[in-house]
>>> print(open('structure-v6.cif').read())   # mmCIF, C-alpha atoms
data_model
#
loop_
_atom_site.label_atom_id
_atom_site.label_comp_id
_atom_site.auth_asym_id
_atom_site.auth_seq_id
_atom_site.Cartn_x
_atom_site.Cartn_y
_atom_site.Cartn_z
CA MET A 1 81.51 -116.54 -71.00
CA THR A 2 81.67 -120.09 -72.32
CA GLU A 3 80.62 -123.24 -70.53
CA PRO A 4 83.24 -125.91 -69.81
CA GLN A 5 83.21 -128.67 -72.37
CA ALA A 6 82.13 -131.65 -70.28
CA ASP A 7 79.85 -134.25 -71.85
CA SER A 8 77.61 -135.58 -69.08
CA ALA A 9 77.69 -139.07 -70.58
CA ARG A 10 81.47 -139.49 -70.80
CA SER A 11 83.10 -141.77 -68.25
CA THR A 12 86.55 -140.14 -68.21
CA MET A 13 87.43 -136.79 -66.74
CA THR A 14 88.38 -133.80 -68.88
CA PRO A 15 91.86 -132.28 -68.37
CA GLU A 16 90.27 -129.33 -66.51
CA GLU A 17 88.36 -131.64 -64.21
CA LYS A 18 91.50 -133.71 -63.50
CA ARG A 19 93.57 -130.66 -62.59
CA TRP A 20 90.80 -129.44 -60.29
CA ILE A 21 90.66 -132.87 -58.61
CA LEU A 22 94.44 -132.81 -58.06
CA TYR A 23 94.14 -129.96 -55.56
CA ASP A 24 92.01 -132.24 -53.39
CA VAL A 25 94.88 -134.74 -53.53
CA GLY A 26 97.29 -132.04 -52.38
CA ASN A 27 95.37 -130.32 -49.58
CA SER A 28 93.93 -133.58 -48.20
CA ALA A 29 97.43 -134.54 -47.09
CA PHE A 30 97.39 -131.61 -44.68
CA VAL A 31 93.83 -132.44 -43.58
CA LEU A 32 94.93 -135.98 -42.69
CA LEU A 33 98.03 -134.65 -40.93
CA SER A 34 95.85 -132.23 -38.93
CA THR A 35 93.50 -135.03 -37.95
CA ALA A 36 95.96 -137.75 -37.04
CA ILE A 37 99.42 -136.38 -36.19
CA ILE A 38 99.23 -132.68 -35.26
CA PRO A 39 96.83 -133.20 -32.30
CA ILE A 40 99.09 -135.95 -30.90
CA TYR A 41 102.17 -133.74 -31.27
CA ALA A 42 100.27 -130.79 -29.75
CA ASN A 43 99.26 -133.01 -26.85
CA SER A 44 102.91 -133.83 -26.15
CA LEU A 45 103.74 -130.09 -26.11
CA LEU A 46 100.83 -129.42 -23.75
CA LYS A 47 101.96 -132.16 -21.38
CA GLN A 48 105.48 -130.70 -21.33
CA ALA A 49 103.91 -127.40 -20.26
CA GLY A 50 101.83 -129.06 -17.54
CA GLU A 51 98.51 -128.87 -19.43
CA SER A 52 96.23 -131.89 -19.59
CA ASN A 53 92.94 -131.14 -21.36
CA ILE A 54 93.82 -131.56 -25.04
CA VAL A 55 90.14 -131.80 -26.11
CA SER A 56 89.14 -128.35 -24.88
CA THR A 57 92.44 -126.67 -25.91
CA TRP A 58 92.34 -128.14 -29.41
CA GLY A 59 88.63 -127.32 -29.64
CA TYR A 60 89.25 -123.64 -28.88
CA ALA A 61 92.05 -123.52 -31.49
CA GLN A 62 89.80 -125.04 -34.16
CA THR A 63 87.01 -122.65 -33.18
CA ALA A 64 89.25 -119.60 -33.61
CA ALA A 65 90.35 -120.70 -37.10
CA ALA A 66 86.80 -121.46 -38.22
CA LEU A 67 85.50 -118.14 -36.91
CA VAL A 68 88.07 -116.13 -38.90
CA ILE A 69 87.11 -117.95 -42.10
CA ALA A 70 83.40 -117.54 -41.46
CA LEU A 71 83.78 -113.78 -41.04
CA LEU A 72 86.13 -113.20 -43.99
CA MET A 73 84.74 -115.37 -46.76
CA PRO A 74 81.50 -113.60 -47.80
CA LEU A 75 83.21 -110.26 -48.48
CA LEU A 76 86.30 -111.79 -50.07
CA GLY A 77 84.05 -114.12 -52.03
CA SER A 78 82.11 -111.19 -53.42
CA ILE A 79 85.35 -109.53 -54.57
CA ALA A 80 86.61 -112.83 -56.00
CA ASP A 81 83.61 -112.98 -58.36
CA ILE A 82 85.32 -110.21 -60.34
CA GLN A 83 87.14 -111.54 -63.38
CA GLY A 84 90.63 -112.82 -62.53
CA MET A 85 90.36 -112.34 -58.75
CA LYS A 86 89.37 -115.86 -57.73
CA ILE A 87 92.75 -117.39 -58.53
CA LYS A 88 94.58 -114.56 -56.71
CA PHE A 89 92.68 -115.12 -53.46
CA PHE A 90 93.10 -118.86 -53.86
CA LEU A 91 96.87 -118.50 -54.19
CA GLY A 92 97.07 -116.13 -51.23
CA PHE A 93 95.30 -118.48 -48.85
CA CYS A 94 96.85 -121.77 -49.96
CA GLY A 95 100.32 -120.15 -49.99
CA THR A 96 99.82 -118.92 -46.43
CA GLY A 97 98.66 -122.36 -45.35
CA MET A 98 101.68 -124.08 -46.91
CA LEU A 99 104.15 -121.67 -45.30
CA ALA A 100 102.51 -122.07 -41.88
CA CYS A 101 102.61 -125.85 -42.31
CA CYS A 102 106.37 -125.62 -42.94
CA ALA A 103 106.79 -123.34 -39.93
CA LEU A 104 105.26 -126.04 -37.70
CA ALA A 105 108.60 -127.82 -38.14
CA LEU A 106 110.30 -125.23 -35.92
CA PRO A 107 111.04 -126.37 -32.34
CA LEU A 108 108.20 -124.45 -30.68
CA SER A 109 106.38 -124.45 -27.36
CA TRP A 110 102.68 -125.29 -27.32
CA LEU A 111 101.26 -121.75 -27.70
CA PRO A 112 103.25 -120.67 -30.81
CA PHE A 113 102.59 -124.12 -32.26
CA LEU A 114 98.82 -123.73 -31.80
CA ILE A 115 98.92 -120.24 -33.32
CA LEU A 116 100.63 -121.65 -36.41
CA CYS A 117 98.03 -124.43 -36.49
CA ILE A 118 95.32 -121.78 -36.54
CA ILE A 119 97.07 -119.86 -39.36
CA SER A 120 97.58 -123.00 -41.45
CA SER A 121 93.95 -123.99 -40.91
CA ILE A 122 92.81 -120.53 -42.05
CA GLY A 123 95.01 -120.85 -45.14
CA LEU A 124 93.63 -124.28 -46.00
CA ASN A 125 89.97 -123.52 -45.43
CA GLY A 126 90.18 -120.11 -47.08
CA SER A 127 91.63 -121.71 -50.21
CA LEU A 128 88.88 -124.34 -50.18
CA THR A 129 86.18 -121.68 -50.43
CA PHE A 130 87.63 -120.44 -53.72
CA TYR A 131 88.46 -123.97 -54.82
CA ASP A 132 84.88 -125.15 -54.27
CA SER A 133 83.54 -122.26 -56.33
CA MET A 134 85.92 -123.22 -59.17
CA LEU A 135 83.76 -126.31 -59.67
CA VAL A 136 81.23 -124.28 -61.66
CA ASP A 137 84.04 -123.18 -64.03
CA VAL A 138 85.58 -126.59 -64.72
CA THR A 139 82.52 -128.77 -65.33
CA SER A 140 78.82 -128.79 -66.21
CA ASP A 141 75.79 -129.04 -63.91
CA GLU A 142 75.16 -132.61 -64.98
CA ARG A 143 78.66 -133.73 -63.98
CA MET A 144 79.04 -131.79 -60.73
CA ASP A 145 78.12 -134.68 -58.42
CA ARG A 146 80.53 -136.99 -60.22
CA VAL A 147 83.45 -134.56 -60.35
CA SER A 148 82.99 -133.38 -56.77
CA SER A 149 82.84 -136.99 -55.53
CA HIS A 150 85.99 -137.89 -57.45
CA GLY A 151 87.72 -134.90 -55.88
CA PHE A 152 87.05 -136.11 -52.36
CA ALA A 153 87.73 -139.75 -53.32
CA TRP A 154 91.14 -139.12 -54.88
CA GLY A 155 91.91 -136.68 -52.08
CA TYR A 156 91.41 -139.45 -49.54
CA VAL A 157 93.55 -142.06 -51.27
CA GLY A 158 96.16 -139.57 -52.53
CA SER A 159 96.71 -138.14 -49.08
CA THR A 160 97.80 -141.55 -47.81
CA VAL A 161 101.03 -141.44 -49.87
CA PRO A 162 102.76 -138.63 -47.92
CA PHE A 163 101.03 -139.77 -44.74
CA ILE A 164 102.52 -143.26 -44.97
CA LEU A 165 105.94 -141.71 -45.65
CA CYS A 166 105.52 -139.48 -42.60
CA ILE A 167 104.38 -142.33 -40.36
CA ALA A 168 107.29 -144.49 -41.52
CA LEU A 169 109.69 -141.64 -40.76
CA ILE A 170 108.21 -141.14 -37.28
CA PHE A 171 108.42 -144.84 -36.41
CA VAL A 172 111.77 -145.83 -37.95
CA GLY A 173 113.53 -142.46 -38.18
CA PRO A 174 114.93 -142.49 -34.63
CA GLN A 175 116.62 -145.87 -35.16
CA MET A 176 117.65 -145.32 -38.80
CA PHE A 177 118.82 -141.70 -38.69
CA GLY A 178 119.56 -141.22 -35.00
CA ILE A 179 117.13 -138.31 -34.54
CA SER A 180 114.30 -138.01 -32.07
CA THR A 181 110.65 -138.83 -32.73
CA ALA A 182 109.78 -135.15 -32.27
CA GLU A 183 112.31 -134.16 -34.94
CA CYS A 184 110.93 -136.79 -37.31
CA THR A 185 107.44 -135.43 -36.71
CA ARG A 186 108.58 -131.92 -37.56
CA ILE A 187 110.13 -133.18 -40.81
CA ALA A 188 106.74 -134.72 -41.60
CA PHE A 189 105.22 -131.22 -41.55
CA ILE A 190 107.64 -130.10 -44.30
CA VAL A 191 106.97 -133.22 -46.40
CA THR A 192 103.23 -132.54 -46.22
CA ALA A 193 103.61 -128.88 -47.20
CA LEU A 194 105.70 -129.84 -50.25
CA TRP A 195 103.12 -132.42 -51.32
CA TRP A 196 100.35 -129.83 -50.95
CA ALA A 197 102.30 -127.36 -53.10
CA ALA A 198 103.16 -129.89 -55.82
CA PHE A 199 99.51 -130.78 -56.46
CA THR A 200 98.44 -127.15 -56.47
CA VAL A 201 100.60 -126.19 -59.46
CA PRO A 202 98.56 -127.90 -62.24
CA LEU A 203 95.33 -126.13 -61.20
CA VAL A 204 97.01 -122.73 -60.85
CA ARG A 205 98.66 -123.00 -64.27
CA SER A 206 95.51 -123.99 -66.17
CA TYR A 207 92.50 -122.54 -64.31
CA ARG A 208 90.23 -120.18 -66.24
CA GLN A 209 87.43 -118.27 -64.51
CA ARG A 210 84.46 -118.57 -66.88
CA HIS A 211 81.77 -117.14 -64.63
CA PHE A 212 82.06 -113.68 -63.06
CA ARG A 213 79.78 -110.79 -62.15
CA ALA A 214 82.10 -108.01 -63.31
CA THR A 215 85.06 -107.69 -65.66
CA ALA A 216 88.55 -106.66 -64.60
CA SER A 217 87.96 -103.16 -66.02
CA GLN A 218 84.98 -102.75 -63.66
CA MET A 219 86.96 -103.85 -60.60
CA GLY A 220 87.16 -100.54 -58.74
CA ASN A 221 83.46 -99.81 -58.96
CA SER A 222 82.57 -103.41 -58.19
CA ILE A 223 84.73 -103.55 -55.04
CA ARG A 224 83.16 -100.30 -53.78
CA HIS A 225 79.74 -101.88 -54.12
CA SER A 226 80.71 -105.23 -52.55
CA PHE A 227 78.90 -104.59 -49.25
CA GLY A 228 75.76 -103.70 -51.15
CA GLU A 229 76.15 -106.85 -53.24
CA LEU A 230 76.37 -108.91 -50.05
CA ARG A 231 73.13 -107.43 -48.79
CA THR A 232 71.45 -108.19 -52.12
CA THR A 233 72.71 -111.77 -52.04
CA LEU A 234 71.43 -112.23 -48.50
CA MET A 235 68.02 -111.02 -49.60
CA ARG A 236 68.06 -113.42 -52.56
CA ILE A 237 68.94 -116.33 -50.28
CA ALA A 238 66.25 -115.34 -47.77
CA HIS A 239 63.60 -115.26 -50.49
CA ASN A 240 64.67 -118.58 -52.03
CA LYS A 241 63.02 -121.03 -49.62
CA SER A 242 64.62 -124.15 -51.09
CA LEU A 243 68.12 -122.70 -50.95
CA LEU A 244 67.64 -121.22 -47.47
CA LEU A 245 66.33 -124.47 -45.97
CA PHE A 246 69.20 -126.42 -47.46
CA MET A 247 71.77 -123.95 -46.11
CA LEU A 248 70.24 -124.14 -42.63
CA ALA A 249 70.21 -127.94 -42.78
CA PHE A 250 73.79 -127.91 -44.04
CA PHE A 251 74.74 -125.65 -41.14
CA LEU A 252 73.49 -128.28 -38.73
CA TYR A 253 74.61 -131.57 -40.29
CA ILE A 254 78.06 -130.46 -41.42
CA ASP A 255 78.69 -129.58 -37.77
CA ALA A 256 78.85 -133.28 -36.99
CA VAL A 257 81.13 -134.03 -39.92
CA ASN A 258 83.62 -131.25 -39.23
CA THR A 259 83.63 -131.77 -35.47
CA ILE A 260 84.31 -135.48 -35.75
CA ILE A 261 87.12 -134.80 -38.25
CA ALA A 262 88.66 -132.10 -36.06
CA MET A 263 88.24 -133.75 -32.67
CA SER A 264 88.46 -137.53 -33.21
CA THR A 265 92.15 -137.97 -32.38
CA SER A 266 92.19 -135.58 -29.43
CA TYR A 267 89.02 -137.26 -28.08
CA GLY A 268 90.59 -140.71 -28.41
CA THR A 269 93.80 -139.46 -26.80
CA GLN A 270 91.93 -138.21 -23.74
CA LEU A 271 90.11 -141.55 -23.50
CA GLY A 272 93.51 -143.24 -23.36
CA ILE A 273 93.33 -145.06 -26.70
CA ASP A 274 96.75 -146.00 -28.10
CA SER A 275 97.94 -143.32 -30.52
CA THR A 276 99.42 -145.85 -32.97
CA GLN A 277 96.08 -147.62 -33.24
CA MET A 278 94.30 -144.33 -33.87
CA VAL A 279 96.71 -143.29 -36.61
CA MET A 280 96.40 -146.65 -38.36
CA ALA A 281 92.60 -146.55 -38.09
CA LEU A 282 92.48 -143.06 -39.60
CA LEU A 283 94.70 -144.28 -42.42
CA ALA A 284 92.21 -147.08 -43.08
CA THR A 285 89.48 -144.42 -43.19
CA GLN A 286 91.12 -142.90 -46.26
CA PHE A 287 91.07 -146.17 -48.17
CA VAL A 288 87.46 -146.86 -47.22
CA ALA A 289 86.44 -143.32 -48.19
CA PHE A 290 87.93 -143.60 -51.70
CA PRO A 291 85.45 -146.09 -53.21
CA SER A 292 82.65 -144.89 -50.94
CA ALA A 293 82.81 -141.31 -52.24
CA ILE A 294 82.79 -142.47 -55.87
CA ILE A 295 79.90 -144.87 -55.24
CA TYR A 296 78.02 -142.09 -53.46
CA GLY A 297 78.44 -139.84 -56.50
CA ARG A 298 77.05 -142.54 -58.78
CA CYS A 299 74.15 -143.31 -56.47
CA SER A 300 73.13 -139.65 -56.54
CA GLY A 301 72.42 -140.00 -60.25
CA ARG A 302 70.10 -142.93 -59.59
CA PHE A 303 68.43 -142.01 -56.31
CA GLY A 304 68.86 -138.23 -56.20
CA THR A 305 71.46 -136.04 -54.53
CA LYS A 306 69.24 -134.88 -51.69
CA ARG A 307 68.16 -138.41 -50.79
CA MET A 308 71.79 -139.53 -50.53
CA ILE A 309 72.54 -136.54 -48.28
CA VAL A 310 69.66 -137.54 -45.99
CA ILE A 311 70.98 -141.11 -45.78
CA ALA A 312 74.40 -139.78 -44.77
CA VAL A 313 72.89 -137.54 -42.06
CA ILE A 314 71.08 -140.53 -40.55
CA ALA A 315 74.31 -142.52 -40.65
CA TYR A 316 76.14 -139.72 -38.84
CA MET A 317 73.53 -139.78 -36.10
CA ALA A 318 74.45 -143.41 -35.48
CA ILE A 319 78.16 -142.51 -35.59
CA VAL A 320 77.76 -139.75 -32.98
CA PHE A 321 75.84 -142.01 -30.57
CA PHE A 322 78.43 -144.75 -31.07
CA ALA A 323 81.25 -142.31 -30.28
CA ALA A 324 79.50 -141.03 -27.16
CA PHE A 325 78.48 -144.35 -25.62
CA LEU A 326 80.66 -147.12 -27.07
CA LEU A 327 84.00 -145.56 -28.02
CA ARG A 328 86.29 -146.77 -25.24
CA THR A 329 88.78 -149.12 -26.90
CA ALA A 330 91.07 -149.21 -29.92
CA THR A 331 88.72 -151.72 -31.59
CA ALA A 332 85.81 -149.33 -31.18
CA PHE A 333 87.93 -146.54 -32.67
CA TRP A 334 88.59 -148.73 -35.72
CA ILE A 335 84.85 -149.31 -36.13
CA LEU A 336 84.20 -145.58 -35.82
CA ALA A 337 86.92 -144.73 -38.36
CA ILE A 338 85.56 -147.16 -40.96
CA ALA A 339 81.99 -145.94 -40.44
CA VAL A 340 83.11 -142.34 -40.93
CA GLY A 341 84.96 -143.36 -44.10
CA LEU A 342 81.77 -144.81 -45.58
CA PHE A 343 79.87 -141.52 -45.40
CA GLN A 344 82.31 -138.64 -44.91
CA GLY A 345 83.33 -138.13 -48.53
CA GLY A 346 79.83 -138.67 -49.84
CA ILE A 347 78.12 -136.07 -47.69
CA GLN A 348 80.87 -133.50 -48.26
CA ALA A 349 81.04 -134.03 -52.03
CA LEU A 350 77.29 -134.04 -52.64
CA SER A 351 76.72 -131.01 -50.40
CA ARG A 352 79.24 -129.07 -52.49
CA SER A 353 77.84 -130.13 -55.85
CA TYR A 354 74.18 -129.84 -54.79
CA TYR A 355 74.77 -126.28 -53.62
CA GLY A 356 76.66 -125.51 -56.83
CA ARG A 357 73.58 -126.50 -58.84
CA LEU A 358 71.27 -124.31 -56.75
CA ILE A 359 73.16 -121.01 -57.15
CA PRO A 360 73.81 -118.59 -60.04
CA LYS A 361 77.16 -119.36 -61.68
CA ASN A 362 78.29 -115.75 -62.15
CA ARG A 363 78.14 -115.22 -58.36
CA ALA A 364 79.50 -118.63 -57.39
CA ASN A 365 82.30 -117.34 -55.15
CA GLU A 366 80.02 -114.93 -53.30
CA TYR A 367 77.46 -117.68 -52.70
CA PHE A 368 80.16 -120.15 -51.72
CA GLY A 369 81.35 -117.52 -49.25
CA PHE A 370 77.99 -117.77 -47.50
CA PHE A 371 78.17 -121.55 -47.88
CA ASP A 372 81.47 -121.33 -46.01
CA ILE A 373 79.90 -119.22 -43.27
CA PHE A 374 77.33 -121.92 -42.67
CA GLY A 375 79.95 -124.67 -42.84
CA LYS A 376 82.65 -122.98 -40.77
CA PHE A 377 80.36 -121.39 -38.21
CA ALA A 378 78.88 -124.83 -37.70
CA SER A 379 82.45 -125.91 -36.94
CA VAL A 380 82.70 -123.02 -34.49
CA LEU A 381 79.53 -124.18 -32.75
CA GLY A 382 80.43 -127.87 -32.76
CA THR A 383 83.99 -127.61 -31.50
CA PHE A 384 82.97 -124.90 -29.03
CA LEU A 385 80.18 -127.09 -27.63
CA VAL A 386 82.53 -130.04 -27.26
CA ALA A 387 85.19 -127.86 -25.62
CA VAL A 388 82.83 -126.09 -23.21
CA ILE A 389 80.80 -129.13 -22.16
CA THR A 390 83.98 -131.16 -21.68
CA SER A 391 85.50 -128.37 -19.57
CA ILE A 392 82.36 -128.02 -17.42
CA THR A 393 81.54 -131.70 -16.91
CA GLY A 394 84.97 -133.25 -17.29
CA ASN A 395 83.27 -135.83 -19.55
CA PRO A 396 84.20 -135.60 -23.26
CA SER A 397 81.47 -138.10 -24.15
CA LEU A 398 78.79 -135.56 -23.24
CA GLY A 399 80.44 -133.02 -25.52
CA VAL A 400 80.33 -135.46 -28.43
CA LEU A 401 76.71 -136.34 -27.71
CA SER A 402 75.58 -132.70 -27.94
CA ILE A 403 75.82 -132.60 -31.73
CA GLY A 404 73.18 -135.33 -32.10
CA ILE A 405 70.50 -132.70 -31.53
CA LEU A 406 71.82 -130.69 -34.47
CA LEU A 407 71.58 -133.70 -36.76
CA VAL A 408 67.94 -134.20 -35.84
CA GLY A 409 67.31 -130.55 -36.67
CA ALA A 410 68.99 -131.01 -40.06
CA LEU A 411 66.72 -133.93 -40.91
CA ILE A 412 63.64 -131.87 -40.07
CA LEU A 413 64.77 -128.98 -42.30
CA LEU A 414 65.62 -131.31 -45.19
CA GLY A 415 62.15 -132.81 -44.83
CA PHE A 416 60.59 -129.40 -45.46
CA GLN A 417 62.90 -128.50 -48.36
CA ASN A 418 61.67 -129.00 -51.91
CA ASP A 419 64.39 -130.30 -54.25
CA PRO A 420 64.55 -128.08 -57.36
CA THR A 421 67.14 -130.36 -58.98
CA ALA A 422 64.80 -133.37 -58.93
CA SER A 423 63.26 -132.23 -62.22
CA ASN A 424 66.74 -131.60 -63.72
CA THR A 425 66.27 -127.85 -63.64
CA THR A 426 68.90 -125.57 -62.21
CA PRO A 427 68.36 -121.85 -61.58
CA ALA A 428 70.63 -119.78 -63.77
CA THR A 429 69.91 -116.47 -62.13
CA MET A 430 68.51 -115.18 -58.88
#
>>> encode(input="structure-v6.cif", output="structure tokens")
Amino acid sequence: MTEPQADSARSTMTPEEKRWILYDVGNSAFVLLSTAIIPIYANSLLKQAGESNIVSTWGYAQTAAALVIALLMPLLGSIADIQGMKIKFFLGFCGTGMLACCALALPLSWLPFLILCIISSIGLNGSLTFYDSMLVDVTSDERMDRVSSHGFAWGYVGSTVPFILCIALIFVGPQMFGISTAECTRIAFIVTALWWAAFTVPLVRSYRQRHFRATASQMGNSIRHSFGELRTTLMRIAHNKSLLLFMLAFFLYIDAVNTIIAMSTSYGTQLGIDSTQMVMALLATQFVAFPSAIIYGRCSGRFGTKRMIVIAVIAYMAIVFFAAFLLRTATAFWILAIAVGLFQGGIQALSRSYYGRLIPKNRANEYFGFFDIFGKFASVLGTFLVAVITSITGNPSLGVLSIGILLVGALILLGFQNDPTASNTTPATM
């Protein structure tokens, strides 16, 4: 196995790094669509069916998708660490997500539409588990923060291209083409799926899995022992205090990030904020997040990756309290969107690269499978809390406020965690 040729001092990206980054550009278009347009369209379908509580309904749908991913990824991740398997699983999940995204364009009632939303979300997030683990194959430890940050940054700004096209179609399509707003929205789903597919091709054609725990000839025996390998990995994680504390902290703080991403538009809709204002504010988030993610990656080299993660967690505490107590108007939603843009890409990118430097490279997919459990089950907990508390109290602000406790817990865990990367040493084996 050879290491990727990536000089830590060079300012430009290698061809492998660029092709890896392009997938962030592709899939982020669907992420933005899911955040800004799909919940609004789902809300219109729910209203047609006589339903009114979009926050709890959308929360349960997001919870179901996250739970499936959390349960599947460790085992599939273990199998994907066999030579040649990572790209196959990646293709299977992203292909499913793209097809489900296209199927959203069918004239459906709210329940089939939500089921397809769940399937497309599973496809996206499943592909991201394998995509994240590809980071160890396309770059070096020294460049992981930089490459990961550029992935999120270009994903944010790149996703705005199809999004602007879709928004323009939704707003001017009825007058220009004589079709309804709903039909224009459904066309937007197809446009997004095609964009996602186009930016997946370069990575699929060039990716080479450099790190693996077993060769293709050992596949049968390795698959049979996958459950045993999972148990061994769990034991290794449990005995690595630094890694375990970070994963627990990540479980808590990423809850806030994922929940705000998943629930922001549905929350604003229930508060009565104008949907056009919300869509435009979320578009502005993408442009703010582009330079912020790159700057965050550079700051990690100067101040340390863990320290920058801690700063982002503190910032998200302020964002959560702002959303719970002050988010009532379109202006407040704009403030919230810009604040999220400043820290969202940074905390996601550095969490991915920091974890990648803590784990053994030949078991990257298996470890990223557990990383996904912590990330996605946090999404299960966050969206479920928001949905349940909103259903019980009838007050969505209390649901949003509940995740503040988790952020405090994350800060405490990070305070106890020793940073093994601070001395520029990365464990090669565990």
>>> closest_residue(input="structure-v6.cif", among="A:Gly409, A:Arg352, A:Phe152, A:Arg328", to="A:Val313", atoms="only C-alpha atoms")
A:Gly409
>>> residues_around(input="structure-v6.cif", residues="stretch 242-246 of chain A", least_positions_apart="6", cutoff="10 Å", atoms="all atoms listed in the file", output="PDB file with C-alpha atoms, keeping the file's coordinate frame")
ATOM      1  CA  LEU A 234      71.430-112.230 -48.500  1.00  0.00           C
ATOM      2  CA  ARG A 236      68.060-113.420 -52.560  1.00  0.00           C
ATOM      3  CA  LEU A 252      73.490-128.280 -38.730  1.00  0.00           C
ATOM      4  CA  LYS A 306      69.240-134.880 -51.690  1.00  0.00           C
ATOM      5  CA  SER A 351      76.720-131.010 -50.400  1.00  0.00           C
ATOM      6  CA  TYR A 354      74.180-129.840 -54.790  1.00  0.00           C
ATOM      7  CA  TYR A 355      74.770-126.280 -53.620  1.00  0.00           C
ATOM      8  CA  LEU A 358      71.270-124.310 -56.750  1.00  0.00           C
ATOM      9  CA  ILE A 359      73.160-121.010 -57.150  1.00  0.00           C
ATOM     10  CA  ALA A 410      68.990-131.010 -40.060  1.00  0.00           C
ATOM     11  CA  ILE A 412      63.640-131.870 -40.070  1.00  0.00           C
ATOM     12  CA  LEU A 413      64.770-128.980 -42.300  1.00  0.00           C
ATOM     13  CA  LEU A 414      65.620-131.310 -45.190  1.00  0.00           C
ATOM     14  CA  GLY A 415      62.150-132.810 -44.830  1.00  0.00           C
ATOM     15  CA  PHE A 416      60.590-129.400 -45.460  1.00  0.00           C
ATOM     16  CA  GLN A 417      62.900-128.500 -48.360  1.00  0.00           C
ATOM     17  CA  ASN A 418      61.670-129.000 -51.910  1.00  0.00           C
ATOM     18  CA  ASP A 419      64.390-130.300 -54.250  1.00  0.00           C
ATOM     19  CA  PRO A 420      64.550-128.080 -57.360  1.00  0.00           C
TER      20      PRO A 420
END
>>> closest_residue(input="structure-v6.cif", among="A:Trp20, A:Phe371, A:Lys241, A:Val288", to="A:Ala337", atoms="all atoms listed in the file")
A:Val288
>>> atom_distance(input="structure-v6.cif", atom1="atom CA of A:Phe384", atom2="atom CA of A:Met278")
23.0 Å
>>> closest_residue(input="structure-v6.cif", among="A:Asn43, A:Thr200, A:Thr390, A:Thr276", to="A:Leu91", atoms="all atoms listed in the file")
A:Thr200
>>> residues_around(input="structure-v6.cif", residues="A:Ile170", least_positions_apart="4", cutoff="9 Å", atoms="only C-alpha atoms", output="short mmCIF file (atom, residue, chain, number, x, y, z; two decimals) with C-alpha atoms, in the coordinates of the input")
data_model
loop_
_atom_site.label_atom_id
_atom_site.label_comp_id
_atom_site.auth_asym_id
_atom_site.auth_seq_id
_atom_site.Cartn_x
_atom_site.Cartn_y
_atom_site.Cartn_z
CA LEU A 165 105.94 -141.71 -45.65
CA CYS A 166 105.52 -139.48 -42.60
CA PRO A 174 114.93 -142.49 -34.63
CA SER A 180 114.30 -138.01 -32.07
CA THR A 181 110.65 -138.83 -32.73
CA ALA A 182 109.78 -135.15 -32.27
CA GLU A 183 112.31 -134.16 -34.94
CA CYS A 184 110.93 -136.79 -37.31
CA THR A 185 107.44 -135.43 -36.71
CA ILE A 187 110.13 -133.18 -40.81
CA ALA A 188 106.74 -134.72 -41.60
#
>>> resolve_selection(input="structure-v6.cif", expression="the PyMOL selection byres ((chain A and resi 101-108) around 9)", output="CSV table (one decimal) with C-alpha atoms, keeping the file's coordinate frame")
chain,number,residue,atom,x,y,z
A,30,PHE,CA,97.4,-131.6,-44.7
A,45,LEU,CA,103.7,-130.1,-26.1
A,96,THR,CA,99.8,-118.9,-46.4
A,97,GLY,CA,98.7,-122.4,-45.4
A,98,MET,CA,101.7,-124.1,-46.9
A,99,LEU,CA,104.2,-121.7,-45.3
A,100,ALA,CA,102.5,-122.1,-41.9
A,109,SER,CA,106.4,-124.4,-27.4
A,110,TRP,CA,102.7,-125.3,-27.3
A,111,LEU,CA,101.3,-121.8,-27.7
A,112,PRO,CA,103.2,-120.7,-30.8
A,113,PHE,CA,102.6,-124.1,-32.3
A,116,LEU,CA,100.6,-121.6,-36.4
A,117,CYS,CA,98.0,-124.4,-36.5
A,119,ILE,CA,97.1,-119.9,-39.4
A,120,SER,CA,97.6,-123.0,-41.4
A,121,SER,CA,94.0,-124.0,-40.9
A,182,ALA,CA,109.8,-135.2,-32.3
A,183,GLU,CA,112.3,-134.2,-34.9
A,185,THR,CA,107.4,-135.4,-36.7
A,186,ARG,CA,108.6,-131.9,-37.6
A,187,ILE,CA,110.1,-133.2,-40.8
A,188,ALA,CA,106.7,-134.7,-41.6
A,189,PHE,CA,105.2,-131.2,-41.6
A,190,ILE,CA,107.6,-130.1,-44.3
A,191,VAL,CA,107.0,-133.2,-46.4
A,192,THR,CA,103.2,-132.5,-46.2
A,193,ALA,CA,103.6,-128.9,-47.2
A,194,LEU,CA,105.7,-129.8,-50.2
>>> closest_residue(input="structure-v6.cif", among="A:Leu283, A:Ile87, A:Leu67, A:Met134", to="A:Val31", atoms="all atoms listed in the file")
A:Leu283
>>> atom_distance(input="structure-v6.cif", atom1="atom CA of A:Val310", atom2="atom CA of A:Thr259")
18.4 Å
>>> resolve_selection(input="structure-v6.cif", expression="the PyMOL selection byres ((chain A and resi 127) around 9)", output="ChimeraX atom specification")
/A:89-95,97,122-126,128-132
>>> resolve_selection(input="structure-v6.cif", expression="the PyMOL selection byres ((chain A and resi 403) around 9)", output="NGL selection string")
:A and (252-253 or 255-256 or 259 or 317 or 320 or 382 or 385-386 or 399-402 or 404-407)
>>> residues_around(input="structure-v6.cif", residues="A:Leu350", least_positions_apart="5", cutoff="7 Å", atoms="all atoms listed in the file", output="mmCIF file with C-alpha atoms, in the frame of the given file")
data_model
loop_
_atom_site.group_PDB
_atom_site.id
_atom_site.type_symbol
_atom_site.label_atom_id
_atom_site.label_comp_id
_atom_site.auth_asym_id
_atom_site.auth_seq_id
_atom_site.Cartn_x
_atom_site.Cartn_y
_atom_site.Cartn_z
ATOM 1 C CA ASP A 145 78.120 -134.680 -58.420
ATOM 2 C CA SER A 149 82.840 -136.990 -55.530
ATOM 3 C CA THR A 305 71.460 -136.040 -54.530
ATOM 4 C CA ILE A 309 72.540 -136.540 -48.280
#
